[in-house]
There are 2 protein chains.
Amino acid sequence: MPAELRTIPARKGVAAPLQRGQHLTVVNTHGSQVVDCWAFNRADLVEFMSMEHCRVELGLAVPRIGDSMVTNKRRPILTLLEDSSPGVHDTTLAACDIYRYQRLGAPGYHDNCTDNLAAALAALGLASPTTPCPFNLWENSRIRPDFTQVIEPPVSKPGDHVLFRAELDLIVVFSACPQDLVPTNGAACRPTEAHFAIA
Amino acid sequence: MPAELRTIPARKGVAAPLQRGQHLTVVNTHGSQVVDCWAFNRADLVEFMSMEHCRVELGLAVPRIGDSMVTNKRRPILTLLEDSSPGVHDTTLAACDIYRYQRLGAPGYHDNCTDNLAAALAALGLASPTTPCPFNLWENSRIRPDFTQVIEPPVSKPGDHVLFRAELDLIVVFSACPQDLVPTNGAACRPTEAHFAIA
């Protein structure tokens with residue numbers, strides 16, 4: 001595990017640049033935290049890691065070791081090299097947003113992954129014209145044969161990590177999902193911090 | 001069935017405005033044609049029908065009769081009122097694009113749903129900053145419990161239709177998918193025209 005861990009604060013987002021060939025570790029520090037993850041071509045943020053393009057290219061709803069996630073131009077952007085968890089992640093569900101929490105009955109403002117993406121990019125002086133569907137690390141979502149879909153607590157454990165290699169110069173963005181009204185982040189509905197490292 | 005049918009030409013796209021409350025019929029004229037479908041808020045094209053938001057809000061990967069598809073602001077935009085087909089559609093796969101056909105070995109240019117969306121909007125003097133994941137009417141795609149995903153020929157039959165009610169003033173866009181290298185549009189790999197009507 002790389003030494004220099006950076007924090008993804010509970011309920012918040014953070015962005016960082018990566019160079020092609022660098023390695024990215026994401027750690028589920030407390031074990032049941034979903035981390036929304038985005039990656040953008042650093043030279044052109046209109047090109048980004050696209051879940052719907054990944055599914056076509058991989059023939060998989062969730063990548064396996066060795067698989068490359070692709071952009072909306074179908075170019076590899078992040079390759080999954082290691083996954084110490086059972087490999088249950090989600091590529092199908094939108095980032096939470098203020099509308100989601102309003103519909104769930106939250107009073108006033110509620111932290112959300114959509115705003116976290118925008119704020120994390122803004123901290124680097126960047127903006128995306130759209131909110132791509134995120135790669136929801138450790139989110140435990142299943143589509144059944146009758147097309148019903150459920151979200152259950154993650155099956156990961158404290159300290160689980162995934163390791164990616166950057167295939168482009170890119171900007172990676174994480175949001176430690178602030179969902180505390182349904183058990184996306186575990187039965188306790190208590191969002192936590194997570195960590196990442198670049199080497 | 002409404003009288004005034006408009007053609008979605010084989011391999012091409014077309015866009016049309018709808019007013020809130022109007023009804024939209026889409027007909028799978030020859031029975032095995034996938035029709036990529038998009039809907040945009042007419043007053044603000046940055047708000048559009050979003051597959052990843054629909055899945056969260058519906059708890060379903062494919063809508064059922066009475067379900068409303070929602071936008072990226074989680075507002076109803078199209079409600080499914082009728083479906084004479086077995087109800088197998090897809091919300092998970094990206095529109096085909098020139099990169100897809102290049103990767104499949106097509107020489108030179110190949111018609112594709114991504115360019116068809118842009119051209120259909122341009123014909124109305126409009127543009128979208130992004131290519132949302134389409135609602136792929138009649139596309140027969142399944143995600144299995146092991147996360148593998150397959151695309152098989154449609155299970156619809158000639159003349160099958162779906163009927164929607166517009167919940168916003170919107171722009172609807174269709175592309176009769178030009179995929180002829182894999183059996184998305186039937187085992188014969190022969191894309192055809194389809195039709196729609198607004199009433």
# chains A, B, ... in the order shown; residues from 1 in each chain; ligands from 1
$ select_by_dssp --residues "chain B" --states "alpha helix (DSSP H)" --output "PyMOL selection string"
chain B and resi 51-58+98-103+113-123
$ closest_atom_pairs --of "stretch 75-194 of chain A" --to "stretch 6-25 of chain A" --cutoff "6 Å" --atoms "only C-alpha atoms" --output "CSV"
residue,atom,partner,partner_atom,distance
A:Asn116,CA,A:Gly13,CA,4.8
A:Ala120,CA,A:Val14,CA,4.8
A:Val162,CA,A:Thr25,CA,5.7
A:Leu163,CA,A:Thr25,CA,4.5
A:Phe164,CA,A:Leu24,CA,5.1
A:Arg165,CA,A:His23,CA,4.6
A:Ala166,CA,A:Arg20,CA,4.9
A:Glu167,CA,A:Arg20,CA,5.0
A:Leu168,CA,A:Arg20,CA,4.5
A:Asp169,CA,A:Gln19,CA,4.4
A:Leu170,CA,A:Leu18,CA,5.3
A:Ile171,CA,A:Pro17,CA,4.4
A:Val172,CA,A:Ala16,CA,5.5
A:Val173,CA,A:Ala15,CA,4.2
A:Phe174,CA,A:Gly13,CA,5.3
A:Ser175,CA,A:Gly13,CA,4.0
A:Ala176,CA,A:Arg11,CA,5.2
A:Cys177,CA,A:Arg11,CA,5.6
A:Pro178,CA,A:Arg11,CA,4.2
A:Thr192,CA,A:Ala10,CA,4.5
A:Glu193,CA,A:Ala10,CA,3.9
A:Ala194,CA,A:Ile8,CA,5.1
$ write_last_selection --atoms "C-alpha atoms" --output "PDB file, in the first residue's frame"
ATOM      1  CA  ASN A 116     -19.186  17.469  -4.474  1.00  0.00           C
ATOM      2  CA  ALA A 120     -13.839  19.386  -6.234  1.00  0.00           C
ATOM      3  CA  VAL A 162      -8.808  -1.070  -5.401  1.00  0.00           C
ATOM      4  CA  LEU A 163      -5.772  -0.233  -7.524  1.00  0.00           C
ATOM      5  CA  PHE A 164      -5.940   1.377 -10.964  1.00  0.00           C
ATOM      6  CA  ARG A 165      -3.393   2.415 -13.564  1.00  0.00           C
ATOM      7  CA  ALA A 166      -4.001   5.704 -15.399  1.00  0.00           C
ATOM      8  CA  GLU A 167      -4.071   5.210 -19.162  1.00  0.00           C
ATOM      9  CA  LEU A 168      -4.328   8.928 -19.949  1.00  0.00           C
ATOM     10  CA  ASP A 169      -3.265  12.121 -18.231  1.00  0.00           C
ATOM     11  CA  LEU A 170      -6.428  12.631 -16.249  1.00  0.00           C
ATOM     12  CA  ILE A 171      -8.261  14.307 -13.418  1.00  0.00           C
ATOM     13  CA  VAL A 172      -9.771  11.877 -10.938  1.00  0.00           C
ATOM     14  CA  VAL A 173     -12.587  12.995  -8.641  1.00  0.00           C
ATOM     15  CA  PHE A 174     -13.933  11.198  -5.582  1.00  0.00           C
ATOM     16  CA  SER A 175     -16.947  11.813  -3.410  1.00  0.00           C
ATOM     17  CA  ALA A 176     -17.435   9.973  -0.120  1.00  0.00           C
ATOM     18  CA  CYS A 177     -21.167   9.540  -0.631  1.00  0.00           C
ATOM     19  CA  PRO A 178     -23.168  11.462   2.032  1.00  0.00           C
ATOM     20  CA  THR A 192     -17.427   8.009   6.716  1.00  0.00           C
ATOM     21  CA  GLU A 193     -14.175   9.245   5.222  1.00  0.00           C
ATOM     22  CA  ALA A 194     -12.147   7.170   2.781  1.00  0.00           C
TER      23      ALA A 194
END
$ residues_around --residues "A:Asn140" --least-positions-apart "3" --cutoff "12 Å" --atoms "only C-alpha atoms" --output "PyMOL selection string"
(chain A and resi 32-35+62+85-93+135-137+143+149-156+183-186) or (chain B and resi 147)
$ write_last_selection --atoms "N, CA and C atoms" --output "short mmCIF file (atom, residue, chain, number, x, y, z; two decimals), in the first residue's frame"
data_model
loop_
_atom_site.label_atom_id
_atom_site.label_comp_id
_atom_site.auth_asym_id
_atom_site.auth_seq_id
_atom_site.Cartn_x
_atom_site.Cartn_y
_atom_site.Cartn_z
N SER A 32 -17.56 0.31 4.81
CA SER A 32 -18.89 0.29 4.20
C SER A 32 -19.23 1.60 3.51
N GLN A 33 -18.18 2.31 3.10
CA GLN A 33 -18.39 3.61 2.46
C GLN A 33 -18.37 3.46 0.95
N VAL A 34 -19.41 3.97 0.29
CA VAL A 34 -19.40 4.06 -1.16
C VAL A 34 -18.63 5.31 -1.57
N VAL A 35 -17.73 5.13 -2.54
CA VAL A 35 -16.96 6.25 -3.07
C VAL A 35 -17.31 6.44 -4.54
N VAL A 62 -19.80 -4.55 -14.36
CA VAL A 62 -18.77 -4.19 -13.37
C VAL A 62 -17.45 -4.78 -13.87
N SER A 85 -11.55 -6.40 -2.31
CA SER A 85 -12.95 -6.62 -1.89
C SER A 85 -13.57 -7.68 -2.79
N PRO A 86 -14.83 -8.10 -2.49
CA PRO A 86 -15.46 -9.12 -3.35
C PRO A 86 -15.79 -8.65 -4.77
N GLY A 87 -15.43 -7.43 -5.13
CA GLY A 87 -15.64 -6.98 -6.51
C GLY A 87 -17.05 -6.51 -6.81
N VAL A 88 -17.78 -6.15 -5.78
CA VAL A 88 -19.13 -5.64 -5.99
C VAL A 88 -19.08 -4.11 -5.98
N HIS A 89 -19.26 -3.55 -7.18
CA HIS A 89 -19.29 -2.11 -7.37
C HIS A 89 -20.48 -1.80 -8.27
N ASP A 90 -20.77 -0.56 -8.49
CA ASP A 90 -21.92 -0.21 -9.31
C ASP A 90 -21.54 0.77 -10.41
N THR A 91 -22.12 0.55 -11.59
CA THR A 91 -21.90 1.49 -12.70
C THR A 91 -23.23 2.03 -13.23
N THR A 92 -24.33 1.76 -12.53
CA THR A 92 -25.65 2.02 -13.12
C THR A 92 -26.43 3.16 -12.47
N LEU A 93 -26.00 3.64 -11.33
CA LEU A 93 -26.83 4.58 -10.56
C LEU A 93 -26.25 5.99 -10.58
N PHE A 135 -18.62 5.97 -11.36
CA PHE A 135 -18.24 4.59 -11.02
C PHE A 135 -18.36 4.53 -9.50
N ASN A 136 -19.37 3.84 -9.01
CA ASN A 136 -19.68 3.84 -7.58
C ASN A 136 -18.97 2.69 -6.89
N LEU A 137 -17.74 3.00 -6.44
CA LEU A 137 -16.93 1.95 -5.81
C LEU A 137 -17.62 1.45 -4.55
N ILE A 143 -29.23 -5.68 -10.53
CA ILE A 143 -30.40 -5.69 -11.39
C ILE A 143 -30.81 -7.15 -11.53
N GLN A 149 -34.35 -3.41 -9.32
CA GLN A 149 -33.00 -3.07 -8.89
C GLN A 149 -33.02 -2.69 -7.42
N VAL A 150 -32.11 -3.25 -6.65
CA VAL A 150 -32.05 -2.94 -5.23
C VAL A 150 -30.65 -2.44 -4.87
N ILE A 151 -30.61 -1.62 -3.83
CA ILE A 151 -29.34 -1.14 -3.28
C ILE A 151 -29.25 -1.67 -1.86
N GLU A 152 -28.20 -2.43 -1.57
CA GLU A 152 -28.02 -3.00 -0.23
C GLU A 152 -26.69 -2.53 0.35
N PRO A 153 -26.48 -2.76 1.64
CA PRO A 153 -25.20 -2.33 2.23
C PRO A 153 -24.01 -2.97 1.52
N PRO A 154 -22.91 -2.26 1.43
CA PRO A 154 -21.71 -2.80 0.78
C PRO A 154 -21.26 -4.12 1.43
N VAL A 155 -20.60 -4.97 0.63
CA VAL A 155 -20.08 -6.24 1.14
C VAL A 155 -18.57 -6.14 1.37
N SER A 156 -18.02 -4.94 1.28
CA SER A 156 -16.59 -4.72 1.50
C SER A 156 -16.30 -4.69 3.00
N PRO A 183 -29.61 2.71 3.18
CA PRO A 183 -28.39 2.03 3.63
C PRO A 183 -27.31 1.84 2.56
N THR A 184 -27.21 2.80 1.62
CA THR A 184 -26.15 2.76 0.60
C THR A 184 -24.77 2.57 1.24
N ASN A 185 -24.54 3.28 2.36
CA ASN A 185 -23.23 3.26 3.01
C ASN A 185 -23.23 2.38 4.27
N GLY A 186 -24.07 1.35 4.24
CA GLY A 186 -24.13 0.44 5.38
C GLY A 186 -25.41 0.62 6.17
N PHE B 147 -22.73 -10.18 -13.43
CA PHE B 147 -22.43 -8.88 -14.04
C PHE B 147 -22.07 -8.95 -15.52
#
$ interface_residues --of "chain A" --to "chain B" --cutoff "8 Å" --atoms "only C-alpha atoms" --output "list in words"
Glu52, His53, Arg55, Val56, Gly59, Leu60, Ala61, Val62, Lys73, Arg74, Thr92, Leu93, Ala94, Tyr99, Arg100, Pro129, Thr130, Cys133, Arg142, Ile143, Arg144, Pro145, Phe147, Thr148, Gln149 and Val150 of chain A
$ write_last_selection --atoms "N, CA, C and O atoms" --output "short mmCIF file (atom, residue, chain, number, x, y, z; two decimals), in the first residue's frame"
data_model
loop_
_atom_site.label_atom_id
_atom_site.label_comp_id
_atom_site.auth_asym_id
_atom_site.auth_seq_id
_atom_site.Cartn_x
_atom_site.Cartn_y
_atom_site.Cartn_z
N GLU A 52 -21.77 3.90 -19.42
CA GLU A 52 -22.54 3.23 -20.48
C GLU A 52 -21.65 2.77 -21.62
O GLU A 52 -21.97 1.79 -22.29
N HIS A 53 -20.53 3.45 -21.84
CA HIS A 53 -19.58 2.98 -22.85
C HIS A 53 -18.76 1.81 -22.31
O HIS A 53 -18.45 0.87 -23.05
N ARG A 55 -19.80 -0.49 -20.27
CA ARG A 55 -20.61 -1.73 -20.30
C ARG A 55 -20.60 -2.37 -21.68
O ARG A 55 -20.49 -3.59 -21.81
N VAL A 56 -20.70 -1.53 -22.73
CA VAL A 56 -20.66 -2.07 -24.10
C VAL A 56 -19.30 -2.70 -24.38
O VAL A 56 -19.21 -3.83 -24.88
N GLY A 59 -18.63 -5.78 -22.03
CA GLY A 59 -19.63 -6.85 -21.93
C GLY A 59 -19.89 -7.21 -20.48
O GLY A 59 -20.27 -8.32 -20.14
N LEU A 60 -19.68 -6.22 -19.62
CA LEU A 60 -19.80 -6.42 -18.17
C LEU A 60 -20.40 -5.16 -17.55
O LEU A 60 -20.08 -4.05 -17.97
N ALA A 61 -21.22 -5.35 -16.52
CA ALA A 61 -21.73 -4.19 -15.79
C ALA A 61 -20.73 -3.70 -14.75
O ALA A 61 -20.82 -2.56 -14.29
N VAL A 62 -19.80 -4.55 -14.36
CA VAL A 62 -18.77 -4.19 -13.37
C VAL A 62 -17.45 -4.78 -13.87
O VAL A 62 -17.41 -5.95 -14.26
N LYS A 73 -15.19 8.34 -25.70
CA LYS A 73 -14.58 8.09 -27.02
C LYS A 73 -14.03 6.65 -27.08
O LYS A 73 -13.23 6.33 -27.96
N ARG A 74 -14.42 5.86 -26.09
CA ARG A 74 -14.06 4.43 -26.02
C ARG A 74 -12.56 4.19 -25.93
O ARG A 74 -12.04 3.18 -26.38
N THR A 92 -24.33 1.76 -12.53
CA THR A 92 -25.65 2.02 -13.12
C THR A 92 -26.43 3.16 -12.47
O THR A 92 -27.44 3.58 -13.03
N LEU A 93 -26.00 3.64 -11.33
CA LEU A 93 -26.83 4.58 -10.56
C LEU A 93 -26.25 5.99 -10.58
O LEU A 93 -25.05 6.20 -10.37
N ALA A 94 -27.12 6.96 -10.78
CA ALA A 94 -26.73 8.37 -10.81
C ALA A 94 -26.11 8.78 -9.49
O ALA A 94 -26.45 8.24 -8.42
N TYR A 99 -31.92 17.02 -5.48
CA TYR A 99 -33.29 16.57 -5.80
C TYR A 99 -33.57 15.21 -5.15
O TYR A 99 -34.67 14.95 -4.68
N ARG A 100 -32.57 14.35 -5.13
CA ARG A 100 -32.72 13.04 -4.49
C ARG A 100 -33.06 13.21 -3.00
O ARG A 100 -33.97 12.56 -2.49
N PRO A 129 -19.12 20.26 -18.07
CA PRO A 129 -20.45 20.69 -18.52
C PRO A 129 -21.56 19.73 -18.12
O PRO A 129 -22.73 20.03 -18.27
N THR A 130 -21.19 18.57 -17.60
CA THR A 130 -22.18 17.56 -17.28
C THR A 130 -21.74 16.78 -16.05
O THR A 130 -20.59 16.90 -15.62
N CYS A 133 -22.43 9.73 -15.17
CA CYS A 133 -22.76 8.67 -14.21
C CYS A 133 -21.45 8.22 -13.56
O CYS A 133 -20.49 7.93 -14.26
N ARG A 142 -27.87 -4.41 -7.51
CA ARG A 142 -28.09 -5.56 -8.40
C ARG A 142 -29.31 -5.32 -9.25
O ARG A 142 -30.34 -4.85 -8.72
N ILE A 143 -29.23 -5.68 -10.53
CA ILE A 143 -30.40 -5.69 -11.39
C ILE A 143 -30.81 -7.15 -11.53
O ILE A 143 -30.03 -7.99 -11.98
N ARG A 144 -32.04 -7.45 -11.13
CA ARG A 144 -32.53 -8.82 -11.19
C ARG A 144 -33.08 -9.13 -12.59
O ARG A 144 -33.34 -8.22 -13.37
N PRO A 145 -33.30 -10.43 -12.90
CA PRO A 145 -33.81 -10.78 -14.24
C PRO A 145 -35.13 -10.09 -14.59
O PRO A 145 -35.43 -9.90 -15.76
N PHE A 147 -35.75 -7.07 -14.00
CA PHE A 147 -35.35 -5.67 -14.15
C PHE A 147 -35.53 -4.84 -12.87
O PHE A 147 -35.29 -3.63 -12.89
N THR A 148 -36.00 -5.46 -11.76
CA THR A 148 -36.01 -4.69 -10.51
C THR A 148 -34.56 -4.50 -10.04
O THR A 148 -33.68 -5.31 -10.35
N GLN A 149 -34.35 -3.41 -9.32
CA GLN A 149 -33.00 -3.07 -8.89
C GLN A 149 -33.02 -2.69 -7.42
O GLN A 149 -33.87 -1.90 -6.99
N VAL A 150 -32.11 -3.25 -6.65
CA VAL A 150 -32.05 -2.94 -5.23
C VAL A 150 -30.65 -2.44 -4.87
O VAL A 150 -29.67 -2.77 -5.52
#
$ closest_residue --among "A:Leu181, A:Ala122, A:Val27, A:Cys189" --to "A:Pro107" --atoms "only C-alpha atoms"
A:Leu181
$ residues_around --residues "stretch 157-161 of chain B" --least-positions-apart "5" --cutoff "6 Å" --atoms "only C-alpha atoms" --output "VMD selection string"
chain B and resid 26 to 31 83 to 85
$ write_last_selection --atoms "N, CA, C and O atoms" --output "PDB file, in the first residue's frame"
ATOM      1  N   VAL B  26     -44.469   5.312 -30.590  1.00  0.00           N
ATOM      2  CA  VAL B  26     -43.316   4.868 -31.371  1.00  0.00           C
ATOM      3  C   VAL B  26     -43.622   3.453 -31.837  1.00  0.00           C
ATOM      4  O   VAL B  26     -44.027   2.602 -31.029  1.00  0.00           O
ATOM      5  N   VAL B  27     -43.461   3.219 -33.142  1.00  0.00           N
ATOM      6  CA  VAL B  27     -43.857   1.937 -33.736  1.00  0.00           C
ATOM      7  C   VAL B  27     -42.624   1.206 -34.272  1.00  0.00           C
ATOM      8  O   VAL B  27     -41.839   1.778 -35.043  1.00  0.00           O
ATOM      9  N   ASN B  28     -42.492  -0.044 -33.861  1.00  0.00           N
ATOM     10  CA  ASN B  28     -41.422  -0.897 -34.377  1.00  0.00           C
ATOM     11  C   ASN B  28     -41.953  -1.579 -35.637  1.00  0.00           C
ATOM     12  O   ASN B  28     -42.319  -2.765 -35.640  1.00  0.00           O
ATOM     13  N   THR B  29     -41.971  -0.822 -36.704  1.00  0.00           N
ATOM     14  CA  THR B  29     -42.700  -1.172 -37.924  1.00  0.00           C
ATOM     15  C   THR B  29     -42.366  -2.569 -38.441  1.00  0.00           C
ATOM     16  O   THR B  29     -43.257  -3.355 -38.787  1.00  0.00           O
ATOM     17  N   HIS B  30     -41.084  -2.874 -38.487  1.00  0.00           N
ATOM     18  CA  HIS B  30     -40.658  -4.159 -39.050  1.00  0.00           C
ATOM     19  C   HIS B  30     -40.312  -5.182 -37.960  1.00  0.00           C
ATOM     20  O   HIS B  30     -39.960  -6.313 -38.280  1.00  0.00           O
ATOM     21  N   GLY B  31     -40.351  -4.755 -36.713  1.00  0.00           N
ATOM     22  CA  GLY B  31     -40.344  -5.713 -35.611  1.00  0.00           C
ATOM     23  C   GLY B  31     -39.050  -5.955 -34.885  1.00  0.00           C
ATOM     24  O   GLY B  31     -39.067  -6.375 -33.734  1.00  0.00           O
ATOM     25  N   ASP B  83     -47.548  -0.548 -23.918  1.00  0.00           N
ATOM     26  CA  ASP B  83     -46.425  -1.254 -24.553  1.00  0.00           C
ATOM     27  C   ASP B  83     -46.975  -2.586 -25.055  1.00  0.00           C
ATOM     28  O   ASP B  83     -47.279  -3.476 -24.264  1.00  0.00           O
ATOM     29  N   SER B  84     -47.113  -2.721 -26.363  1.00  0.00           N
ATOM     30  CA  SER B  84     -47.675  -3.962 -26.920  1.00  0.00           C
ATOM     31  C   SER B  84     -46.619  -5.055 -27.042  1.00  0.00           C
ATOM     32  O   SER B  84     -46.941  -6.206 -27.310  1.00  0.00           O
ATOM     33  N   SER B  85     -45.357  -4.695 -26.858  1.00  0.00           N
ATOM     34  CA  SER B  85     -44.261  -5.673 -26.934  1.00  0.00           C
ATOM     35  C   SER B  85     -44.066  -6.320 -25.569  1.00  0.00           C
ATOM     36  O   SER B  85     -44.706  -5.914 -24.594  1.00  0.00           O
TER      37      SER B  85
END
$ closest_residue --among "B:Ala188, B:Ala199, B:Met69, B:Ile77" --to "B:Asn41" --atoms "only C-alpha atoms"
B:Ile77
$ atom_distance --atom1 "atom CA of A:Trp138" --atom2 "atom CA of A:Leu81"
15.7 Å
$ atom_distance --atom1 "atom CA of A:Phe196" --atom2 "atom CA of A:Glu4"
8.4 Å
$ atom_distance --atom1 "atom CA of A:Pro76" --atom2 "atom CA of A:Glu139"
22.4 Å
$ decode --residues "stretch 12-41 of chain B" --atoms "N, CA and C atoms" --output "PDB file, in the first residue's frame"
ATOM      1  N   LYS B  12     -30.980   6.501 -39.570  1.00  0.00           N
ATOM      2  CA  LYS B  12     -30.922   7.944 -39.377  1.00  0.00           C
ATOM      3  C   LYS B  12     -31.732   8.392 -38.167  1.00  0.00           C
ATOM      4  N   GLY B  13     -31.652   9.678 -37.858  1.00  0.00           N
ATOM      5  CA  GLY B  13     -32.348  10.244 -36.710  1.00  0.00           C
ATOM      6  C   GLY B  13     -33.320  11.328 -37.092  1.00  0.00           C
ATOM      7  N   VAL B  14     -34.206  11.647 -36.155  1.00  0.00           N
ATOM      8  CA  VAL B  14     -35.167  12.731 -36.361  1.00  0.00           C
ATOM      9  C   VAL B  14     -35.571  13.266 -34.988  1.00  0.00           C
ATOM     10  N   ALA B  15     -35.803  14.573 -34.925  1.00  0.00           N
ATOM     11  CA  ALA B  15     -36.216  15.212 -33.666  1.00  0.00           C
ATOM     12  C   ALA B  15     -37.537  15.921 -33.872  1.00  0.00           C
ATOM     13  N   ALA B  16     -38.311  16.056 -32.792  1.00  0.00           N
ATOM     14  CA  ALA B  16     -39.607  16.739 -32.877  1.00  0.00           C
ATOM     15  C   ALA B  16     -39.957  17.338 -31.522  1.00  0.00           C
ATOM     16  N   PRO B  17     -40.629  18.481 -31.525  1.00  0.00           N
ATOM     17  CA  PRO B  17     -41.088  19.064 -30.263  1.00  0.00           C
ATOM     18  C   PRO B  17     -42.406  18.432 -29.814  1.00  0.00           C
ATOM     19  N   LEU B  18     -42.588  18.341 -28.512  1.00  0.00           N
ATOM     20  CA  LEU B  18     -43.869  17.908 -27.927  1.00  0.00           C
ATOM     21  C   LEU B  18     -44.256  18.895 -26.851  1.00  0.00           C
ATOM     22  N   GLN B  19     -45.556  19.116 -26.712  1.00  0.00           N
ATOM     23  CA  GLN B  19     -46.050  19.910 -25.597  1.00  0.00           C
ATOM     24  C   GLN B  19     -46.452  18.985 -24.460  1.00  0.00           C
ATOM     25  N   ARG B  20     -46.320  19.511 -23.263  1.00  0.00           N
ATOM     26  CA  ARG B  20     -46.768  18.770 -22.078  1.00  0.00           C
ATOM     27  C   ARG B  20     -48.203  18.288 -22.283  1.00  0.00           C
ATOM     28  N   GLY B  21     -48.449  17.017 -22.007  1.00  0.00           N
ATOM     29  CA  GLY B  21     -49.791  16.454 -22.158  1.00  0.00           C
ATOM     30  C   GLY B  21     -50.006  15.757 -23.495  1.00  0.00           C
ATOM     31  N   GLN B  22     -49.158  16.038 -24.465  1.00  0.00           N
ATOM     32  CA  GLN B  22     -49.308  15.337 -25.749  1.00  0.00           C
ATOM     33  C   GLN B  22     -48.872  13.881 -25.623  1.00  0.00           C
ATOM     34  N   HIS B  23     -49.359  13.073 -26.550  1.00  0.00           N
ATOM     35  CA  HIS B  23     -49.047  11.647 -26.548  1.00  0.00           C
ATOM     36  C   HIS B  23     -48.118  11.311 -27.705  1.00  0.00           C
ATOM     37  N   LEU B  24     -47.206  10.418 -27.428  1.00  0.00           N
ATOM     38  CA  LEU B  24     -46.172  10.032 -28.386  1.00  0.00           C
ATOM     39  C   LEU B  24     -46.234   8.520 -28.575  1.00  0.00           C
ATOM     40  N   THR B  25     -46.437   8.096 -29.814  1.00  0.00           N
ATOM     41  CA  THR B  25     -46.421   6.670 -30.134  1.00  0.00           C
ATOM     42  C   THR B  25     -45.165   6.375 -30.945  1.00  0.00           C
ATOM     43  N   VAL B  26     -44.469   5.312 -30.590  1.00  0.00           N
ATOM     44  CA  VAL B  26     -43.316   4.868 -31.371  1.00  0.00           C
ATOM     45  C   VAL B  26     -43.622   3.453 -31.837  1.00  0.00           C
ATOM     46  N   VAL B  27     -43.461   3.219 -33.142  1.00  0.00           N
ATOM     47  CA  VAL B  27     -43.857   1.937 -33.736  1.00  0.00           C
ATOM     48  C   VAL B  27     -42.624   1.206 -34.272  1.00  0.00           C
ATOM     49  N   ASN B  28     -42.492  -0.044 -33.861  1.00  0.00           N
ATOM     50  CA  ASN B  28     -41.422  -0.897 -34.377  1.00  0.00           C
ATOM     51  C   ASN B  28     -41.953  -1.579 -35.637  1.00  0.00           C
ATOM     52  N   THR B  29     -41.971  -0.822 -36.704  1.00  0.00           N
ATOM     53  CA  THR B  29     -42.700  -1.172 -37.924  1.00  0.00           C
ATOM     54  C   THR B  29     -42.366  -2.569 -38.441  1.00  0.00           C
ATOM     55  N   HIS B  30     -41.084  -2.874 -38.487  1.00  0.00           N
ATOM     56  CA  HIS B  30     -40.658  -4.159 -39.050  1.00  0.00           C
ATOM     57  C   HIS B  30     -40.312  -5.182 -37.960  1.00  0.00           C
ATOM     58  N   GLY B  31     -40.351  -4.755 -36.713  1.00  0.00           N
ATOM     59  CA  GLY B  31     -40.344  -5.713 -35.611  1.00  0.00           C
ATOM     60  C   GLY B  31     -39.050  -5.955 -34.885  1.00  0.00           C
ATOM     61  N   SER B  32     -37.919  -5.717 -35.520  1.00  0.00           N
ATOM     62  CA  SER B  32     -36.672  -6.032 -34.811  1.00  0.00           C
ATOM     63  C   SER B  32     -35.704  -4.846 -34.820  1.00  0.00           C
ATOM     64  N   GLN B  33     -36.275  -3.657 -34.944  1.00  0.00           N
ATOM     65  CA  GLN B  33     -35.438  -2.459 -34.991  1.00  0.00           C
ATOM     66  C   GLN B  33     -35.332  -1.830 -33.600  1.00  0.00           C
ATOM     67  N   VAL B  34     -34.108  -1.590 -33.162  1.00  0.00           N
ATOM     68  CA  VAL B  34     -33.896  -0.814 -31.939  1.00  0.00           C
ATOM     69  C   VAL B  34     -33.985   0.673 -32.288  1.00  0.00           C
ATOM     70  N   VAL B  35     -34.742   1.408 -31.471  1.00  0.00           N
ATOM     71  CA  VAL B  35     -34.875   2.855 -31.660  1.00  0.00           C
ATOM     72  C   VAL B  35     -34.295   3.547 -30.429  1.00  0.00           C
ATOM     73  N   ASP B  36     -33.160   4.204 -30.626  1.00  0.00           N
ATOM     74  CA  ASP B  36     -32.598   5.006 -29.536  1.00  0.00           C
ATOM     75  C   ASP B  36     -33.468   6.240 -29.365  1.00  0.00           C
ATOM     76  N   CYS B  37     -33.785   6.543 -28.118  1.00  0.00           N
ATOM     77  CA  CYS B  37     -34.715   7.635 -27.828  1.00  0.00           C
ATOM     78  C   CYS B  37     -34.126   8.549 -26.754  1.00  0.00           C
ATOM     79  N   TRP B  38     -34.193   9.856 -27.029  1.00  0.00           N
ATOM     80  CA  TRP B  38     -33.784  10.861 -26.050  1.00  0.00           C
ATOM     81  C   TRP B  38     -34.914  11.870 -25.866  1.00  0.00           C
ATOM     82  N   ALA B  39     -34.953  12.518 -24.719  1.00  0.00           N
ATOM     83  CA  ALA B  39     -35.906  13.608 -24.508  1.00  0.00           C
ATOM     84  C   ALA B  39     -35.204  14.715 -23.720  1.00  0.00           C
ATOM     85  N   PHE B  40     -35.384  15.939 -24.178  1.00  0.00           N
ATOM     86  CA  PHE B  40     -34.749  17.105 -23.558  1.00  0.00           C
ATOM     87  C   PHE B  40     -35.822  18.104 -23.154  1.00  0.00           C
ATOM     88  N   ASN B  41     -35.632  18.727 -22.006  1.00  0.00           N
ATOM     89  CA  ASN B  41     -36.480  19.857 -21.623  1.00  0.00           C
ATOM     90  C   ASN B  41     -36.333  20.933 -22.695  1.00  0.00           C
TER      91      ASN B  41
END
